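**Q** This is protein.pdb, which holds PDB, C-alpha atoms:
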```
ATOM      1  CA  MET A   1      18.719 164.782 171.043
ATOM      2  CA  PRO A   2      16.075 163.026 173.108
ATOM      3  CA  ASN A   3      16.122 163.385 176.870
ATOM      4  CA  ILE A   4      13.537 160.817 177.933
ATOM      5  CA  ALA A   5      14.549 157.157 178.094
ATOM      6  CA  SER A   6      11.713 155.951 175.876
ATOM      7  CA  ALA A   7      12.607 158.586 173.279
ATOM      8  CA  LYS A   8      16.239 157.422 173.350
ATOM      9  CA  LYS A   9      15.129 153.853 172.742
ATOM     10  CA  ALA A  10      12.799 154.967 169.950
ATOM     11  CA  LEU A  11      15.726 156.734 168.300
ATOM     12  CA  ARG A  12      17.857 153.587 168.478
ATOM     13  CA  VAL A  13      15.049 151.475 167.042
ATOM     14  CA  SER A  14      14.361 153.891 164.218
ATOM     15  CA  LYS A  15      18.041 153.978 163.258
ATOM     16  CA  ARG A  16      18.118 150.160 163.147
ATOM     17  CA  ARG A  17      14.987 150.042 161.022
ATOM     18  CA  GLN A  18      16.311 152.740 158.726
ATOM     19  CA  LYS A  19      19.391 150.626 157.966
ATOM     20  CA  VAL A  20      17.195 147.674 157.005
ATOM     21  CA  ASN A  21      14.851 149.833 154.938
ATOM     22  CA  VAL A  22      17.690 151.484 153.038
ATOM     23  CA  ARG A  23      19.347 148.135 152.340
ATOM     24  CA  VAL A  24      16.159 146.510 151.066
ATOM     25  CA  THR A  25      15.283 149.539 148.931
ATOM     26  CA  ARG A  26      18.772 149.695 147.458
ATOM     27  CA  GLU A  27      18.663 145.977 146.630
ATOM     28  CA  PHE A  28      15.491 146.087 144.571
ATOM     29  CA  LYS A  29      16.398 149.369 142.864
ATOM     30  CA  ASP A  30      19.819 148.014 141.898
ATOM     31  CA  GLN A  31      18.179 144.850 140.624
ATOM     32  CA  ILE A  32      15.846 146.926 138.430
ATOM     33  CA  LYS A  33      18.821 148.849 137.033
ATOM     34  CA  THR A  34      20.643 145.631 136.161
ATOM     35  CA  LEU A  35      17.501 144.321 134.468
ATOM     36  CA  LYS A  36      17.182 147.463 132.343
ATOM     37  CA  SER A  37      20.838 147.334 131.316
ATOM     38  CA  SER A  38      20.807 143.586 130.672
ATOM     39  CA  LYS A  39      20.815 142.149 127.168
ATOM     40  CA  THR A  40      18.536 139.313 128.250
ATOM     41  CA  PRO A  41      16.055 140.892 130.681
ATOM     42  CA  LYS A  42      13.748 137.845 130.749
ATOM     43  CA  LYS A  43      16.292 135.980 132.873
ATOM     44  CA  GLU A  44      16.445 138.816 135.417
ATOM     45  CA  VAL A  45      12.677 139.173 135.981
ATOM     46  CA  ASN A  46      12.319 136.561 138.709
ATOM     47  CA  SER A  47      15.100 138.048 140.809
ATOM     48  CA  VAL A  48      13.562 141.524 140.545
ATOM     49  CA  TYR A  49      10.146 140.205 141.503
ATOM     50  CA  SER A  50      11.566 138.434 144.544
ATOM     51  CA  LYS A  51      13.388 141.572 145.730
ATOM     52  CA  VAL A  52      10.227 143.659 145.321
ATOM     53  CA  ASP A  53       8.184 141.047 147.188
ATOM     54  CA  LEU A  54      10.765 141.036 149.979
ATOM     55  CA  ALA A  55      10.446 144.825 150.253
ATOM     56  CA  VAL A  56       6.675 144.439 150.625
ATOM     57  CA  LYS A  57       7.104 141.729 153.240
ATOM     58  CA  LYS A  58       9.492 143.911 155.245
ATOM     59  CA  GLY A  59       7.035 146.815 155.043
ATOM     60  CA  VAL A  60       9.381 149.066 153.083
ATOM     61  CA  ILE A  61       6.967 149.632 150.194
ATOM     62  CA  HIS A  62       3.225 149.192 149.817
ATOM     63  CA  SER A  63       1.838 146.177 147.986
ATOM     64  CA  LYS A  64       0.135 148.348 145.381
ATOM     65  CA  LYS A  65       3.420 150.107 144.632
ATOM     66  CA  ALA A  66       4.982 146.677 144.177
ATOM     67  CA  ALA A  67       2.224 145.797 141.724
ATOM     68  CA  ARG A  68       2.989 148.963 139.741
ATOM     69  CA  ILE A  69       6.697 148.164 139.702
ATOM     70  CA  LYS A  70       6.052 144.607 138.536
ATOM     71  CA  SER A  71       3.699 145.856 135.837
ATOM     72  CA  LYS A  72       6.294 148.312 134.535
ATOM     73  CA  ILE A  73       8.946 145.604 134.569
ATOM     74  CA  SER A  74       6.807 143.156 132.623
ATOM     75  CA  ALA A  75       5.922 145.863 130.082
ATOM     76  CA  PHE A  76       9.611 146.714 129.715
ATOM     77  CA  VAL A  77      10.545 143.074 129.161
ATOM     78  CA  LYS A  78       7.712 142.601 126.693
ATOM     79  CA  ASN A  79       8.678 145.697 124.696
ATOM     80  CA  SER A  80      12.387 144.915 124.762
ATOM     81  CA  SER A  81      11.850 141.367 123.503
ATOM     82  CA  SER A  82       9.462 142.463 120.746
ATOM     83  CA  THR A  83      11.816 145.160 119.420
ATOM     84  CA  LYS A  84      14.787 142.796 119.197
ATOM     85  CA  LYS A  85      13.002 140.343 116.910
TER      86      LYS A  85
END
```
Take the structure from the file and write it as structure tokens.

**A**
Amino acid sequence: MPNIASAKKALRVSKRRQKVNVRVTREFKDQIKTLKSSKTPKKEVNSVYSKVDLAVKKGVIHSKKAARIKSKISAFVKNSSSTKK
């Protein structure tokens, strides 16, 4: 437990930020899971992209990681639509 006042404040701030980070991370990961389990993943792509972009904007993930996630999602959608034809 911190003893100094600035350390106490830093602890409070980090706990607040952790709540936001966990929520944002959970949102885009859940969205990806729903996309992968969906029968029509093309309709879900835009919502996943927006959640990933929000995570980048909030500073939760890096922009290059977001690009990798988007690339994997688009490849998944492309492969899932080509196998169902």

**Q** Using all atoms listed in the file, find the one residue out of A:Lys42, A:Lys8, A:Lys51, A:Lys65 that sits nearest to Val77 in chain A.

**A**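 Result for the nearest residue to Val77 in chain A: A:Lys42.
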
**Q** Determine the residue membership of the PyMOL selection byres ((chain A and resi 14-27) around 9) for the file above and supply it as a count of residues only.

**A** 18

**Q** Counting only C-alpha atoms, which residue out of A:Pro41, A:Ser50, A:Lys64, A:Val56 sits closest to Asn79 in chain A?

**A** A:Pro41

**Q** Could you tell me how far CA of Thr40 in chain A sits from CA of Ala66 in chain A, in Å to one decimal place?

**A**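 The value is 22.2 Å.
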
**Q** Nearest to Asn46 in chain A among A:Ser81, A:Met1, A:Ile73, A:Ala7, with distances taken over all atoms listed in the file: which residue is it?

**A**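 Of all the options, A:Ile73 lies closest to Asn46 in chain A.
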
**Q** To one decimal in Å, tell me the separation between CA of Leu35 in chain A and CA of Val48 in chain A.

**A**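 Value for the CA of Leu35 in chain A-CA of Val48 in chain A distance: 7.8 Å.
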
**Q** Choose the residue, out of A:Asp53, A:Ser38, A:His62, A:Glu44, that has the smallest atom-to-atom separation from Ser74 in chain A; count all atoms listed in the file.

**A** A:Glu44
